[in-house]
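S.K.: What follows is the file coords.pdb, containing PDB, C-alpha atoms and all ligand atoms:
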```
ATOM      1  CA  MET Q1167      18.313   8.658   6.071  1.00  0.00           C
ATOM      2  CA  ILE Q1168      15.297   7.011   7.638  1.00  0.00           C
ATOM      3  CA  LYS Q1169      14.066   3.904   5.887  1.00  0.00           C
ATOM      4  CA  PRO Q1170      10.830   3.026   7.608  1.00  0.00           C
ATOM      5  CA  TYR Q1171       9.970   0.170   5.314  1.00  0.00           C
ATOM      6  CA  GLU Q1172      11.398  -3.098   4.207  1.00  0.00           C
ATOM      7  CA  CYS Q1173      10.910  -5.228   1.154  1.00  0.00           C
ATOM      8  CA  THR Q1174       8.125  -7.727   1.623  1.00  0.00           C
ATOM      9  CA  GLN Q1175       9.867 -10.085  -0.771  1.00  0.00           C
ATOM     10  CA  CYS Q1176      13.390 -10.240   0.596  1.00  0.00           C
ATOM     11  CA  GLY Q1177      13.479  -8.095   3.739  1.00  0.00           C
ATOM     12  CA  SER Q1178      16.010  -5.631   2.386  1.00  0.00           C
ATOM     13  CA  THR Q1179      15.718  -2.024   3.492  1.00  0.00           C
ATOM     14  CA  ASP Q1180      17.620  -0.617   0.539  1.00  0.00           C
ATOM     15  CA  PHE Q1181      15.335   1.100  -1.907  1.00  0.00           C
ATOM     16  CA  GLU Q1182      15.784   3.402  -4.807  1.00  0.00           C
ATOM     17  CA  GLU Q1183      13.232   5.831  -6.108  1.00  0.00           C
ATOM     18  CA  ALA Q1184      11.362   4.642  -9.165  1.00  0.00           C
ATOM     19  CA  GLY Q1185       9.120   7.577  -9.938  1.00  0.00           C
ATOM     20  CA  ALA Q1186       6.431   9.383  -8.015  1.00  0.00           C
ATOM     21  CA  LYS Q1187       5.476   7.400  -4.923  1.00  0.00           C
ATOM     22  CA  ARG Q1188       7.205   4.333  -6.253  1.00  0.00           C
ATOM     23  CA  VAL Q1189      10.276   2.609  -4.963  1.00  0.00           C
ATOM     24  CA  ARG Q1190      12.249  -0.349  -6.185  1.00  0.00           C
ATOM     25  CA  CYS Q1191      14.033  -2.753  -3.905  1.00  0.00           C
ATOM     26  CA  ALA Q1192      17.737  -2.380  -4.590  1.00  0.00           C
ATOM     27  CA  HIS Q1193      18.319  -5.968  -3.609  1.00  0.00           C
ATOM     28  CA  CYS Q1194      15.741  -8.008  -5.527  1.00  0.00           C
ATOM     29  CA  GLY Q1195      14.252  -5.387  -7.850  1.00  0.00           C
ATOM     30  CA  SER Q1196      10.646  -5.682  -6.665  1.00  0.00           C
ATOM     31  CA  LEU Q1197       8.615  -2.608  -7.432  1.00  0.00           C
ATOM     32  CA  PHE Q1198       6.357  -1.085  -4.811  1.00  0.00           C
ATOM     33  CA  ARG Q1199       3.873   1.700  -4.557  1.00  0.00           C
ATOM     34  CA  LEU Q1200       4.535   3.780  -1.506  1.00  0.00           C
ATOM     35  CA  MET Q1201       1.366   4.211   0.493  1.00  0.00           C
ATOM     36  CA  THR Q1202       1.129   6.686   3.296  1.00  0.00           C
ATOM     37  CA  HIS Q1203      -1.573   6.914   5.871  1.00  0.00           C
ATOM     38  CA  GLU Q1204      -1.810  10.603   5.227  1.00  0.00           C
ATOM     39  CA  PRO Q1205      -4.250  11.399   2.496  1.00  0.00           C
ATOM     40  CA  SER Q1206      -2.763  13.285  -0.364  1.00  0.00           C
ATOM     41  CA  VAL Q1207      -4.248  15.424  -3.047  1.00  0.00           C
ATOM     42  CA  VAL Q1208      -2.807  15.124  -6.518  1.00  0.00           C
ATOM     43  CA  ILE Q1209      -3.756  17.648  -9.155  1.00  0.00           C
ATOM     44  CA  ASN Q1210      -2.753  16.125 -12.447  1.00  0.00           C
ATOM     45  CA  LYS Q1211      -1.329  17.713 -15.539  1.00  0.00           C
ATOM     46  CA  GLY Q1212      -3.951  19.501 -17.589  1.00  0.00           C
ATOM     47  CA  ALA Q1213      -6.339  19.952 -14.668  1.00  0.00           C
ATOM     48  CA  LYS Q1214      -7.926  23.301 -14.041  1.00  0.00           C
ATOM     49  CA  VAL Q1215      -8.852  23.725 -10.413  1.00  0.00           C
ATOM     50  CA  VAL Q1216     -10.383  26.866  -9.019  1.00  0.00           C
ATOM     51  CA  PHE Q1217     -10.867  27.431  -5.338  1.00  0.00           C
ATOM     52  CA  GLY Q1218     -13.430  30.210  -5.297  1.00  0.00           C
ATOM     53  CA  ARG Q1219     -13.471  33.312  -3.206  1.00  0.00           C
ATOM     54  CA  ASN Q1220     -15.481  31.635  -0.465  1.00  0.00           C
ATOM     55  CA  ALA Q1221     -13.295  28.549  -0.382  1.00  0.00           C
ATOM     56  CA  ASN Q1222     -12.181  27.436   3.027  1.00  0.00           C
ATOM     57  CA  VAL Q1223     -10.233  24.293   2.400  1.00  0.00           C
ATOM     58  CA  GLU Q1224      -7.913  22.386   4.683  1.00  0.00           C
ATOM     59  CA  ILE Q1225      -5.719  19.769   3.166  1.00  0.00           C
ATOM     60  CA  ARG Q1226      -4.178  17.422   5.689  1.00  0.00           C
ATOM     61  CA  GLY Q1227      -1.245  15.692   4.150  1.00  0.00           C
ATOM     62  CA  ASP Q1228       0.435  16.339   0.882  1.00  0.00           C
ATOM     63  CA  LEU Q1229      -0.674  18.555  -1.919  1.00  0.00           C
ATOM     64  CA  ASP Q1230       0.985  17.600  -5.155  1.00  0.00           C
ATOM     65  CA  VAL Q1231       0.456  19.875  -8.110  1.00  0.00           C
ATOM     66  CA  GLN Q1232       1.799  18.387 -11.304  1.00  0.00           C
ATOM     67  CA  GLY Q1233       3.476  20.528 -13.916  1.00  0.00           C
ATOM     68  CA  GLY Q1234       0.969  21.833 -16.430  1.00  0.00           C
ATOM     69  CA  ALA Q1235      -1.915  21.926 -13.976  1.00  0.00           C
ATOM     70  CA  HIS Q1236      -3.642  25.216 -13.446  1.00  0.00           C
ATOM     71  CA  VAL Q1237      -4.620  26.034  -9.896  1.00  0.00           C
ATOM     72  CA  ASP Q1238      -6.349  29.289  -9.152  1.00  0.00           C
ATOM     73  CA  ILE Q1239      -6.703  30.008  -5.463  1.00  0.00           C
ATOM     74  CA  GLN Q1240      -8.962  32.928  -4.640  1.00  0.00           C
ATOM     75  CA  GLY Q1241     -10.094  31.810  -1.216  1.00  0.00           C
ATOM     76  CA  LYS Q1242      -8.450  30.223   1.764  1.00  0.00           C
ATOM     77  CA  VAL Q1243      -6.536  27.024   1.255  1.00  0.00           C
ATOM     78  CA  THR Q1244      -4.415  25.676   4.060  1.00  0.00           C
ATOM     79  CA  VAL Q1245      -2.086  22.745   3.691  1.00  0.00           C
ATOM     80  CA  LEU Q1246      -1.473  21.068   7.018  1.00  0.00           C
ATOM     81  CA  LYS Q1247       1.388  18.687   7.248  1.00  0.00           C
ATOM     82  CA  GLY Q1248       0.856  15.919   9.724  1.00  0.00           C
ATOM     83  CA  LYS Q1249       2.720  16.405  12.971  1.00  0.00           C
ATOM     84  CA  LYS Q1250       3.174  12.724  13.466  1.00  0.00           C
ATOM     85  CA  GLN Q1251       5.950  11.002  11.638  1.00  0.00           C
ATOM     86  CA  GLN Q1252       4.516   9.557   8.494  1.00  0.00           C
ATOM     87  CA  GLU Q1253       4.009   5.851   8.370  1.00  0.00           C
ATOM     88  CA  PHE Q1254       4.664   4.116   5.142  1.00  0.00           C
ATOM     89  CA  LYS Q1255       3.195   1.004   3.734  1.00  0.00           C
ATOM     90  CA  LEU Q1256       4.387  -0.793   0.656  1.00  0.00           C
ATOM     91  CA  GLU Q1257       2.023  -2.199  -1.905  1.00  0.00           C
ATOM     92  CA  LEU Q1258       3.669  -4.697  -4.201  1.00  0.00           C
ATOM     93  CA  ILE Q1259       3.319  -3.862  -7.876  1.00  0.00           C
ATOM     94  CA  ARG Q1260       5.491  -6.670  -9.156  1.00  0.00           C
ATOM     95  CA  THR Q1261       8.261  -8.835  -7.906  1.00  0.00           C
ATOM     96  CA  GLY Q1262      11.639  -8.228  -9.422  1.00  0.00           C
ATOM     97  CA  LYS Q1263      12.978 -11.702  -9.912  1.00  0.00           C
ATOM     98  CA  LYS Q1264      11.275 -12.405 -13.205  1.00  0.00           C
ATOM     99  CA  SER Q1265      11.510  -8.917 -14.614  1.00  0.00           C
ATOM    100  CA  LEU Q1266      15.190  -8.199 -14.061  1.00  0.00           C
ATOM    101  CA  LYS Q1267      16.817  -7.099 -17.234  1.00  0.00           C
TER     102      LYS Q1267
HETATM  103 ZN    ZN H   1      13.616  -7.072  -2.119  1.00  0.00          ZN
END
```
Turn the structure described in the file into structure tokens.
Ligand SMILES: [Zn+2]

M.R.:
Amino acid sequence: MIKPYECTQCGSTDFEEAGAKRVRCAHCGSLFRLMTHEPSVVINKGAKVVFGRNANVEIRGDLDVQGGAHVDIQGKVTVLKGKKQQEFKLELIRTGKKSLK
């Protein structure tokens, strides 16, 4: 498995998933938000999104439709995944040392 990022706090490359787009360092417990350079579209629970008949939409990157969202596509919607390997960037949410249980 490719691990293209390392912990900014301890340098470890072992991470575990901690929810959507979040990872936790397995070594020191720091929590990070996983940022990608690809834009992503997130349609949240409860949303009602209609792409009308004349829609001509290209989404470059990820399209994430949460459970409970209603998406009605009548027109043309194309999701293009980037051809380049995605680059990841970590944004520190909190360090783990003080919040370890
Ligand atoms: Zn760490």

S.K.: Please, which residues have at least one atom within 12 Å of an atom of ligand ZN 1 (chain H), using all atoms listed in the file, listed as a list of chain:residue names?

M.R.: Q:Tyr1171, Q:Glu1172, Q:Cys1173, Q:Thr1174, Q:Gln1175, Q:Cys1176, Q:Gly1177, Q:Ser1178, Q:Thr1179, Q:Asp1180, Q:Phe1181, Q:Glu1182, Q:Val1189, Q:Arg1190, Q:Cys1191, Q:Ala1192, Q:His1193, Q:Cys1194, Q:Gly1195, Q:Ser1196, Q:Leu1197, Q:Phe1198, Q:Leu1256, Q:Leu1258, Q:Arg1260, Q:Thr1261, Q:Gly1262, Q:Lys1263

S.K.: Where does region 1232-1261 of chain Q meet region 1207-1213 of chain Q within 9 Å, residue by residue, with the nearest atom pair and distance in Å to one decimal for each, counting all atoms listed in the file, listed by chain and rising number, as a Markdown table?

M.R.:
```
| residue | atom | partner | partner_atom | distance |
| --- | --- | --- | --- | --- |
| Q:Gln1232 | CA | Q:Asn1210 | CA | 5.2 |
| Q:Gly1233 | CA | Q:Lys1211 | CA | 5.8 |
| Q:Gly1234 | CA | Q:Lys1211 | CA | 4.8 |
| Q:Ala1235 | CA | Q:Lys1211 | CA | 4.5 |
| Q:His1236 | CA | Q:Ala1213 | CA | 6.0 |
| Q:Val1237 | CA | Q:Ala1213 | CA | 7.9 |
```

S.K.: As an exercise, work out the distance from CA of Glu1183 (chain Q) to CA of Gly1227 (chain Q) in Å and give it to one decimal place.

M.R.: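 Distance reported for this atom pair: 20.3 Å.
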
S.K.: For a test of reading the model, state the distance in Å between CA of Asn1222 (chain Q) and CA of Lys1247 (chain Q), rounded to one decimal.

M.R.: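 Straight-line distance from CA of Asn1222 (chain Q) to CA of Lys1247 (chain Q) works out to 16.7 Å.
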
S.K.: Using all atoms listed in the file, collect all residues at a distance of at most 10 Å from (-7.1, 33.2, 1.8) as written in the file, then present them as a list in words.

M.R.: Phe1217, Gly1218, Arg1219, Asn1220, Ala1221, Asn1222, Val1223, Ile1239, Gln1240, Gly1241, Lys1242, Val1243 and Thr1244 of chain Q

S.K.: In terms of the shortest atom-to-atom distance over only C-alpha atoms, which of Q:Thr1202, Q:Glu1224, Q:Ala1184, Q:Ile1259 is closest to Leu1246 (chain Q)?

M.R.: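 Ranking Q:Thr1202, Q:Glu1224, Q:Ala1184, Q:Ile1259 by distance to Leu1246 (chain Q), first place goes to Q:Glu1224.
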
S.K.: What separation in Å, quoted to one decimal, exists between CA of Ile1225 (chain Q) and CA of Glu1257 (chain Q)?

M.R.: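 Result for CA of Ile1225 (chain Q) versus CA of Glu1257 (chain Q): 23.8 Å, one decimal.
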
S.K.: What are the centre and edge lengths in Å, to one decimal, of the axis-aligned box around all listed atoms of region 1179-1186 of chain Q with 5 Å added on each side, as lines of an AutoDock Vina configuration file?

M.R.:
```
center_x = 12.0
center_y = 3.7
center_z = -3.2
size_x = 21.2
size_y = 21.4
size_z = 23.4
```

S.K.: Considering all atoms listed in the file, state which residue in the set Q:Arg1188, Q:Lys1255, Q:Ser1206, Q:Leu1200 is at the smallest distance from Val1231 (chain Q).

M.R.: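 So, comparing all the options, the nearest one is Q:Ser1206.
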